[in-house]
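Engineer: My structure is below; once you've seen it, I'll send some questions.
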Amino acid sequence: MSVIGGPSLPQERKLVTSIPGPKSQEMLARKNSAVAAGVGVALPVSIVAAGGGVLVDVDGNSLIDLGSGIAVTGVGNASPAVVAAVTEQVQQFTHTCFTVTPYEGYIAVAEKLNELTPGDHEKRTALFNSGAEAVENAVKIARHYTKKTGVVVFDHSYHGRTNLTMGMTAKNMPYKDGFGPFAPEVYRVPTSYPYRDGLSGPDAAAITIDQIEKQLGATNLAAIIIEPIQGEGGFIAPAEGFLPAIQAWATANDVVFILDEVQTGFARTGNTFAADFEGVVPDLVTTAKGIAGGLPLSAVTGRAAIMDSAHSGGLGGTYAGSPIACAAALATIETYEKENLAERATEIGKVITDFFTDLQKTDDRIGDIRGRGAMMAIEFVESGSKDPAAALTGAIAKQAGAEGVVVLTCGTYGNVVRFLPPLTISDELLREGLQVVADALAAN
Ligand SMILES: Cc1ncc(COP(=O)(O)O)c(C=O)c1O
């Protein structure tokens with residue numbers, strides 16, 4: 001079938017077969033005999049086109065996209081500006097390796113990130129391919145700068161699937177089970193989880209800092225790394241005051257404070273970065289996902305003195321900062337700014353919050369509605385308690401998928417449905433998608 005993707009796609013939910021349809025099922029059979037079983041899929045529909053707020057599959061079904069490929073296509077899939085920039089770049093050159101013979105696109109992305117990331121101090125940027133790679137490099141840089149080795153991470157954290165980042169990630173299944181041993185010198189401490197700990201930000205931070213001091217002490221600690229809103233862990237936004245207190249302790253103790261904005265970054269939360277809400281200024285920030293409209297790119301940006309401490313040749317990678325991904329990133333960032341997509345994210349957040357706040361009045365299994373902007377989640381619990389309702393959550397996601405709405409789940413207890421729609425989705429389509437989720441809740 002030929003379907004032209006991008007914003008020209010009809011913005012509708014339309015099912016012409018059951019999900020997955022016959023052609024998707026054929027594709028799944030091929031996948032199962034060709035692709036490693038560890039590479040699982042959430043919804044086995046085979047996509048041929050996407051744009052605006054829809055994904056179109058090989059059977060001709062048009063599904064509502066409430067996941068953005070895990071917070072990536074903020075500017076929409078096949079965004080015209082990204083397509084044009086990538087097309088132009090591939091016609092010029094596809095690769096040189098920046099650390100062999102450099103090019104302007106990489107430098108322009110670094111300049112843009114230095115300008116946009118929190119803080120007006122002098123900054124430097126290094127580009128990589130994936131979020132995990134950015135996190136690994138932020139840790140490398142912090143260790144090199146401080147000449148210390150310890151790294152503090154948090155309960156419910158997620159930082160990736162490489163060896164170091166698996167060790168930094170909290171949840172065992174499916175990310176870590178059987179894949180050890182993990183890298184040493186990673187220490188896990190409590191976070192702020194207002195729905196479950198009931199603590200103020202400063203009180204939660206006092207417990208965290210006490211643990212850091214007891215477990216390893218500042219003299220052994222290179223870096224503290226935290227997601228400003230925890231992504232895979234359940235969209236846990238710390239109570240107000242938690243992040244500033246941890247940052248203040250890090251600064252007072254010569255510990256590099258790293259924010260992992262891989263999932264929260266680039267307009268997703270209603271600000272360019274989630275750190276902006278509390279005016280938190282990290283020493284280093286990691287970014288990826290929403291940075292390049294779907295092309296693989298990530299970055300570490302931070303204080304010039306820290307970033308420049310690593311020797312020449314110590315940072316890089318064959319494809320790191322590919323010219324094609326850099327062209328896409330420049331077009332993507334311009335699109336966020338031109339289309340004021342941060343404001344759109346705030347509007348999307350309000351639609352989702354209002355919708356579920358209404359529903360919560362009659363269904364107490366909606367335990368918590370949280371997040372910021374277009375990064376919202378519902379924590380589902382058993383009626384009359386706060387016991388995590390993982391089976392219900394799985395059933396909702398499954399039914400929504402079967403009805404043509406792609407939603408993702410997350411959370412340490414597997415009881416969170418998260419909403420990460422493209423910022424190009426219409427209110428109408430968004431509301432229709434939320435209603436399908438509500439119907440799935442009512443039916444389970
Ligand atoms: C906060 C955070 N850090 C790091 C990563 C890892 O990114 P990647 O999957 O691109 O390696 C993710 C991915 O979900 C993430 O959410």
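Ligands are numbered from 1 in the order shown, chains are lettered A, B, ... in the order of the structure tokens, and residues start at 1 in each chain.
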Could you name the residues that touch A:Glu334 at 10 Å or less, counting only C-alpha atoms, but leaving out those on the same chain fewer than 4 positions away, as a list in words?
Structural biologist: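 Final neighbour list, sorted by chain and number: Val75, Ala81, Val82, Lys112, Ala328, Ala329, Leu330, Lys338, Glu339 and Asn340 of chain A.
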Engineer: Emit the selected residues as a PDB file, in the first residue's frame, including N, CA and C atoms.
Structural biologist:
```
ATOM      1  N   VAL A  75       7.616  17.024  17.820  1.00  0.00           N
ATOM      2  CA  VAL A  75       7.230  17.898  16.688  1.00  0.00           C
ATOM      3  C   VAL A  75       6.347  17.169  15.685  1.00  0.00           C
ATOM      4  N   ALA A  81       9.494  20.161   8.397  1.00  0.00           N
ATOM      5  CA  ALA A  81      10.779  20.861   8.554  1.00  0.00           C
ATOM      6  C   ALA A  81      11.921  19.852   8.732  1.00  0.00           C
ATOM      7  N   VAL A  82      11.637  18.788   9.457  1.00  0.00           N
ATOM      8  CA  VAL A  82      12.660  17.750   9.680  1.00  0.00           C
ATOM      9  C   VAL A  82      12.931  17.004   8.385  1.00  0.00           C
ATOM     10  N   LYS A 112      23.281  25.769  20.123  1.00  0.00           N
ATOM     11  CA  LYS A 112      21.855  25.875  20.470  1.00  0.00           C
ATOM     12  C   LYS A 112      21.608  25.275  21.857  1.00  0.00           C
ATOM     13  N   ALA A 328      18.484  17.341  11.473  1.00  0.00           N
ATOM     14  CA  ALA A 328      17.136  17.112  12.007  1.00  0.00           C
ATOM     15  C   ALA A 328      16.946  17.877  13.316  1.00  0.00           C
ATOM     16  N   ALA A 329      17.973  17.879  14.169  1.00  0.00           N
ATOM     17  CA  ALA A 329      17.852  18.547  15.475  1.00  0.00           C
ATOM     18  C   ALA A 329      17.649  20.051  15.301  1.00  0.00           C
ATOM     19  N   LEU A 330      18.396  20.655  14.390  1.00  0.00           N
ATOM     20  CA  LEU A 330      18.259  22.105  14.193  1.00  0.00           C
ATOM     21  C   LEU A 330      16.846  22.446  13.712  1.00  0.00           C
ATOM     22  N   LYS A 338       9.205  28.015  16.912  1.00  0.00           N
ATOM     23  CA  LYS A 338       8.302  28.696  15.980  1.00  0.00           C
ATOM     24  C   LYS A 338       6.840  28.375  16.260  1.00  0.00           C
ATOM     25  N   GLU A 339       6.580  27.100  16.534  1.00  0.00           N
ATOM     26  CA  GLU A 339       5.186  26.669  16.720  1.00  0.00           C
ATOM     27  C   GLU A 339       4.757  26.788  18.181  1.00  0.00           C
ATOM     28  N   ASN A 340       5.630  27.301  19.019  1.00  0.00           N
ATOM     29  CA  ASN A 340       5.338  27.451  20.450  1.00  0.00           C
ATOM     30  C   ASN A 340       4.797  26.152  21.052  1.00  0.00           C
TER      31      ASN A 340
END
```
Engineer: Write down as a tab-separated table (two decimals) with C-alpha atoms, in the first residue's frame the residues of stretch 85-329 of chain A whose backbone DSSP state falls under strand (DSSP E).
Structural biologist:
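Result written to out_7.tsv:
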```tsv
chain	number	residue	atom	x	y	z
A	123	LYS	CA	28.83	25.82	28.57
A	124	ARG	CA	30.12	23.13	26.24
A	125	THR	CA	28.28	20.24	24.58
A	126	ALA	CA	29.27	16.78	23.33
A	127	LEU	CA	26.92	14.81	21.09
A	128	PHE	CA	26.18	11.09	21.10
A	150	GLY	CA	30.94	7.27	43.34
A	151	VAL	CA	27.65	7.90	41.52
A	152	VAL	CA	24.36	8.39	43.34
A	153	VAL	CA	21.12	7.35	41.64
A	154	PHE	CA	17.58	7.13	42.96
A	186	VAL	CA	26.71	3.12	41.92
A	187	TYR	CA	24.70	3.90	45.08
A	188	ARG	CA	20.89	4.05	45.23
A	189	VAL	CA	19.06	6.40	47.59
A	221	LEU	CA	31.13	11.00	45.35
A	222	ALA	CA	31.65	12.24	41.78
A	223	ALA	CA	28.05	12.85	40.74
A	224	ILE	CA	24.39	12.74	41.65
A	225	ILE	CA	22.17	12.04	38.66
A	226	ILE	CA	18.40	12.41	38.70
A	256	VAL	CA	28.61	17.23	40.03
A	257	PHE	CA	24.82	17.57	39.85
A	258	ILE	CA	23.49	15.94	36.64
A	259	LEU	CA	19.92	16.20	35.42
A	260	ASP	CA	18.80	13.44	33.08
A	284	LEU	CA	25.52	18.79	33.43
A	285	VAL	CA	22.32	17.87	31.61
A	286	THR	CA	21.71	14.87	29.38
A	287	THR	CA	19.25	15.13	26.49
A	298	SER	CA	21.80	12.72	22.31
A	299	ALA	CA	23.90	15.23	24.17
A	300	VAL	CA	25.71	16.14	27.35
A	301	THR	CA	25.73	19.88	27.99
A	302	GLY	CA	27.26	21.61	30.97
A	303	ARG	CA	29.68	23.92	32.68
```
Engineer: Name each residue within 8 Å of ligand 1, counting only C-alpha atoms and all ligand atoms, as a CSV table (one decimal) with all heavy atoms, in the first residue's frame.
Structural biologist:
```
chain,number,residue,atom,x,y,z
A,70,ILE,N,7.8,6.7,22.6
A,70,ILE,CA,8.4,7.0,23.9
A,70,ILE,C,9.0,8.4,23.9
A,70,ILE,O,10.2,8.6,24.1
A,70,ILE,CB,9.4,6.0,24.4
A,70,ILE,CG1,9.0,4.5,24.1
A,70,ILE,CG2,9.6,6.1,26.0
A,70,ILE,CD1,9.8,3.4,24.8
A,129,ASN,N,24.7,9.3,20.5
A,129,ASN,CA,23.6,8.7,19.7
A,129,ASN,C,22.3,8.4,20.5
A,129,ASN,O,21.2,8.5,20.0
A,129,ASN,CB,24.0,7.4,19.0
A,129,ASN,CG,25.2,7.6,18.1
A,129,ASN,OD1,25.1,8.1,17.1
A,129,ASN,ND2,26.4,7.1,18.6
A,130,SER,N,22.5,7.9,21.7
A,130,SER,CA,21.3,7.5,22.5
A,130,SER,C,21.3,8.1,23.9
A,130,SER,O,22.4,8.6,24.3
A,130,SER,CB,21.3,5.9,22.6
A,130,SER,OG,22.4,5.6,23.5
A,131,GLY,N,20.2,8.0,24.5
A,131,GLY,CA,20.1,8.5,25.9
A,131,GLY,C,21.1,7.9,26.8
A,131,GLY,O,21.8,8.5,27.6
A,132,ALA,N,21.2,6.5,26.7
A,132,ALA,CA,22.1,5.8,27.6
A,132,ALA,C,23.5,6.2,27.4
A,132,ALA,O,24.3,6.4,28.3
A,132,ALA,CB,21.9,4.3,27.3
A,133,GLU,N,23.9,6.5,26.1
A,133,GLU,CA,25.2,6.9,25.8
A,133,GLU,C,25.5,8.3,26.4
A,133,GLU,O,26.7,8.5,26.9
A,133,GLU,CB,25.4,6.9,24.3
A,133,GLU,CG,26.8,6.6,23.8
A,133,GLU,CD,26.9,6.8,22.3
A,133,GLU,OE1,25.9,6.7,21.6
A,133,GLU,OE2,28.0,7.0,21.8
A,134,ALA,N,24.5,9.1,26.4
A,134,ALA,CA,24.7,10.5,27.0
A,134,ALA,C,24.9,10.3,28.5
A,134,ALA,O,25.8,11.0,29.1
A,134,ALA,CB,23.5,11.3,26.7
A,135,VAL,N,24.1,9.5,29.1
A,135,VAL,CA,24.3,9.3,30.6
A,135,VAL,C,25.7,8.7,30.9
A,135,VAL,O,26.3,9.2,31.8
A,135,VAL,CB,23.1,8.3,31.1
A,135,VAL,CG1,23.4,7.9,32.5
A,135,VAL,CG2,21.8,9.0,31.0
A,157,SER,N,14.6,5.0,39.4
A,157,SER,CA,15.2,5.7,38.3
A,157,SER,C,15.3,4.8,37.1
A,157,SER,O,15.3,3.6,37.2
A,157,SER,CB,16.6,6.2,38.7
A,157,SER,OG,17.4,5.0,38.9
A,158,TYR,N,15.4,5.4,35.9
A,158,TYR,CA,15.7,4.7,34.7
A,158,TYR,C,16.7,5.5,33.9
A,158,TYR,O,16.5,6.7,33.6
A,158,TYR,CB,14.5,4.5,33.8
A,158,TYR,CG,14.8,3.7,32.5
A,158,TYR,CD1,14.8,2.3,32.5
A,158,TYR,CD2,15.2,4.3,31.4
A,158,TYR,CE1,15.2,1.6,31.4
A,158,TYR,CE2,15.5,3.6,30.2
A,158,TYR,CZ,15.5,2.3,30.2
A,158,TYR,OH,15.9,1.5,29.1
A,159,HIS,N,17.8,4.9,33.5
A,159,HIS,CA,18.9,5.6,32.7
A,159,HIS,C,19.3,4.9,31.5
A,159,HIS,O,20.2,5.4,30.8
A,159,HIS,CB,20.1,6.0,33.6
A,159,HIS,CG,19.7,6.9,34.8
A,159,HIS,ND1,19.4,8.2,34.6
A,159,HIS,CD2,19.6,6.6,36.1
A,159,HIS,CE1,19.1,8.8,35.8
A,159,HIS,NE2,19.2,7.8,36.7
A,160,GLY,N,18.8,3.7,31.2
A,160,GLY,CA,19.2,3.0,30.0
A,160,GLY,C,19.5,1.5,30.1
A,160,GLY,O,19.3,1.0,31.2
A,161,ARG,N,20.0,1.0,29.0
A,161,ARG,CA,20.2,-0.5,29.0
A,161,ARG,C,21.6,-0.9,28.7
A,161,ARG,O,21.9,-2.1,28.5
A,161,ARG,CB,19.3,-1.0,27.8
A,161,ARG,CG,17.8,-1.1,28.1
A,161,ARG,CD,17.1,-1.6,26.9
A,161,ARG,NE,16.0,-2.4,27.3
A,161,ARG,CZ,14.7,-1.9,27.2
A,161,ARG,NH1,14.5,-0.7,26.7
A,161,ARG,NH2,13.7,-2.7,27.5
A,162,THR,N,22.6,0.0,28.7
A,162,THR,CA,24.0,-0.4,28.6
A,162,THR,C,24.4,-0.9,30.0
A,162,THR,O,23.7,-0.7,31.0
A,162,THR,CB,24.9,0.8,28.2
A,162,THR,OG1,24.7,1.9,29.1
A,162,THR,CG2,24.5,1.3,26.8
A,165,THR,N,24.4,2.0,32.7
A,165,THR,CA,23.1,2.5,32.9
A,165,THR,C,22.1,1.5,33.4
A,165,THR,O,21.1,1.8,34.1
A,165,THR,CB,22.5,3.2,31.6
A,165,THR,OG1,22.5,2.3,30.5
A,165,THR,CG2,23.4,4.4,31.3
A,227,GLU,N,16.5,12.2,37.3
A,227,GLU,CA,15.5,12.7,36.3
A,227,GLU,C,14.6,13.7,37.0
A,227,GLU,O,14.0,13.3,38.0
A,227,GLU,CB,14.6,11.5,35.8
A,227,GLU,CG,15.4,10.4,35.1
A,227,GLU,CD,14.6,9.0,35.3
A,227,GLU,OE1,13.7,8.8,34.5
A,227,GLU,OE2,14.9,8.3,36.3
A,230,GLN,N,10.6,11.4,37.0
A,230,GLN,CA,11.1,10.0,36.6
A,230,GLN,C,10.2,9.4,35.6
A,230,GLN,O,9.0,9.4,35.7
A,230,GLN,CB,11.2,9.2,37.9
A,230,GLN,CG,12.3,9.6,38.8
A,230,GLN,CD,12.4,8.8,40.0
A,230,GLN,OE1,11.4,8.4,40.7
A,230,GLN,NE2,13.6,8.4,40.4
A,231,GLY,N,10.8,9.0,34.5
A,231,GLY,CA,10.0,8.5,33.3
A,231,GLY,C,9.6,7.0,33.5
A,231,GLY,O,8.4,6.8,34.0
A,232,GLU,N,10.4,6.1,33.2
A,232,GLU,CA,10.0,4.7,33.2
A,232,GLU,C,9.6,4.3,34.7
A,232,GLU,O,8.8,3.4,34.8
A,232,GLU,CB,11.2,3.8,32.8
A,232,GLU,CG,11.8,4.1,31.5
A,232,GLU,CD,10.8,4.1,30.3
A,232,GLU,OE1,10.2,3.0,30.1
A,232,GLU,OE2,10.6,5.1,29.7
A,260,ASP,N,19.1,14.3,34.3
A,260,ASP,CA,18.8,13.4,33.1
A,260,ASP,C,17.5,13.9,32.5
A,260,ASP,O,16.4,13.5,33.0
A,260,ASP,CB,18.8,12.0,33.5
A,260,ASP,CG,18.5,11.0,32.3
A,260,ASP,OD1,18.2,11.6,31.2
A,260,ASP,OD2,18.7,9.8,32.4
A,261,GLU,N,17.5,14.7,31.5
A,261,GLU,CA,16.3,15.3,30.8
A,261,GLU,C,16.1,14.5,29.5
A,261,GLU,O,15.4,15.1,28.6
A,261,GLU,CB,16.5,16.8,30.6
A,261,GLU,CG,16.4,17.6,31.9
A,261,GLU,CD,15.2,18.5,32.0
A,261,GLU,OE1,14.2,18.3,31.3
A,261,GLU,OE2,15.3,19.4,32.8
A,262,VAL,N,16.5,13.3,29.4
A,262,VAL,CA,16.3,12.5,28.2
A,262,VAL,C,14.8,12.4,27.8
A,262,VAL,O,14.5,12.6,26.7
A,262,VAL,CB,17.0,11.1,28.3
A,262,VAL,CG1,16.5,10.2,27.2
A,262,VAL,CG2,18.5,11.3,28.2
A,263,GLN,N,14.0,12.1,28.8
A,263,GLN,CA,12.6,12.0,28.5
A,263,GLN,C,11.8,13.3,28.7
A,263,GLN,O,10.8,13.6,28.0
A,263,GLN,CB,11.9,10.9,29.4
A,263,GLN,CG,10.5,10.5,29.0
A,263,GLN,CD,10.1,9.1,29.4
A,263,GLN,OE1,8.9,8.8,29.4
A,263,GLN,NE2,11.0,8.2,29.6
A,264,THR,N,12.2,14.1,29.6
A,264,THR,CA,11.5,15.4,30.0
A,264,THR,C,11.8,16.5,29.1
A,264,THR,O,11.1,17.5,29.1
A,264,THR,CB,11.8,15.8,31.4
A,264,THR,OG1,13.2,15.8,31.6
A,264,THR,CG2,11.2,14.9,32.5
A,286,THR,N,21.7,15.8,30.5
A,286,THR,CA,21.7,14.9,29.4
A,286,THR,C,20.4,15.0,28.6
A,286,THR,O,19.3,15.2,29.3
A,286,THR,CB,21.8,13.4,29.9
A,286,THR,OG1,20.8,13.1,30.8
A,286,THR,CG2,23.2,13.1,30.4
A,288,ALA,N,18.1,13.8,24.8
A,288,ALA,CA,18.0,12.8,23.7
A,288,ALA,C,16.6,12.9,23.2
A,288,ALA,O,16.0,14.0,23.1
A,288,ALA,CB,18.4,11.4,24.1
A,289,LYS,N,16.0,11.8,22.9
A,289,LYS,CA,14.6,11.6,22.5
A,289,LYS,C,14.0,12.8,21.7
A,289,LYS,O,14.1,12.7,20.5
A,289,LYS,CB,13.7,11.4,23.8
A,289,LYS,CG,14.0,10.0,24.4
A,289,LYS,CD,12.9,9.7,25.4
A,289,LYS,CE,13.2,8.4,26.2
A,289,LYS,NZ,12.8,7.2,25.5
A,296,PRO,N,18.3,9.5,15.6
A,296,PRO,CA,19.1,9.2,16.9
A,296,PRO,C,20.1,10.2,17.2
A,296,PRO,O,21.1,10.4,16.4
A,296,PRO,CB,19.7,7.8,16.6
A,296,PRO,CG,19.6,7.7,15.1
A,296,PRO,CD,18.6,8.6,14.6
A,298,SER,N,21.9,12.4,20.9
A,298,SER,CA,21.8,12.7,22.3
A,298,SER,C,22.9,13.7,22.6
A,298,SER,O,23.8,13.9,21.8
A,298,SER,CB,21.9,11.4,23.2
A,298,SER,OG,23.1,10.8,23.0
```
Engineer: Restricting the calculation to only C-alpha atoms: of A:Leu164, A:Ile236, A:Ala327, A:Val48, which residue gets closest to A:Phe93?
Structural biologist: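 For A:Phe93, the nearest of the candidates is A:Ala327.
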Engineer: Given the choices A:Tyr319, A:Gln435, A:Glu382, A:Pro44, which gets closest to A:Cys97 if the distance is worked out from only C-alpha atoms?
Structural biologist: A:Tyr319
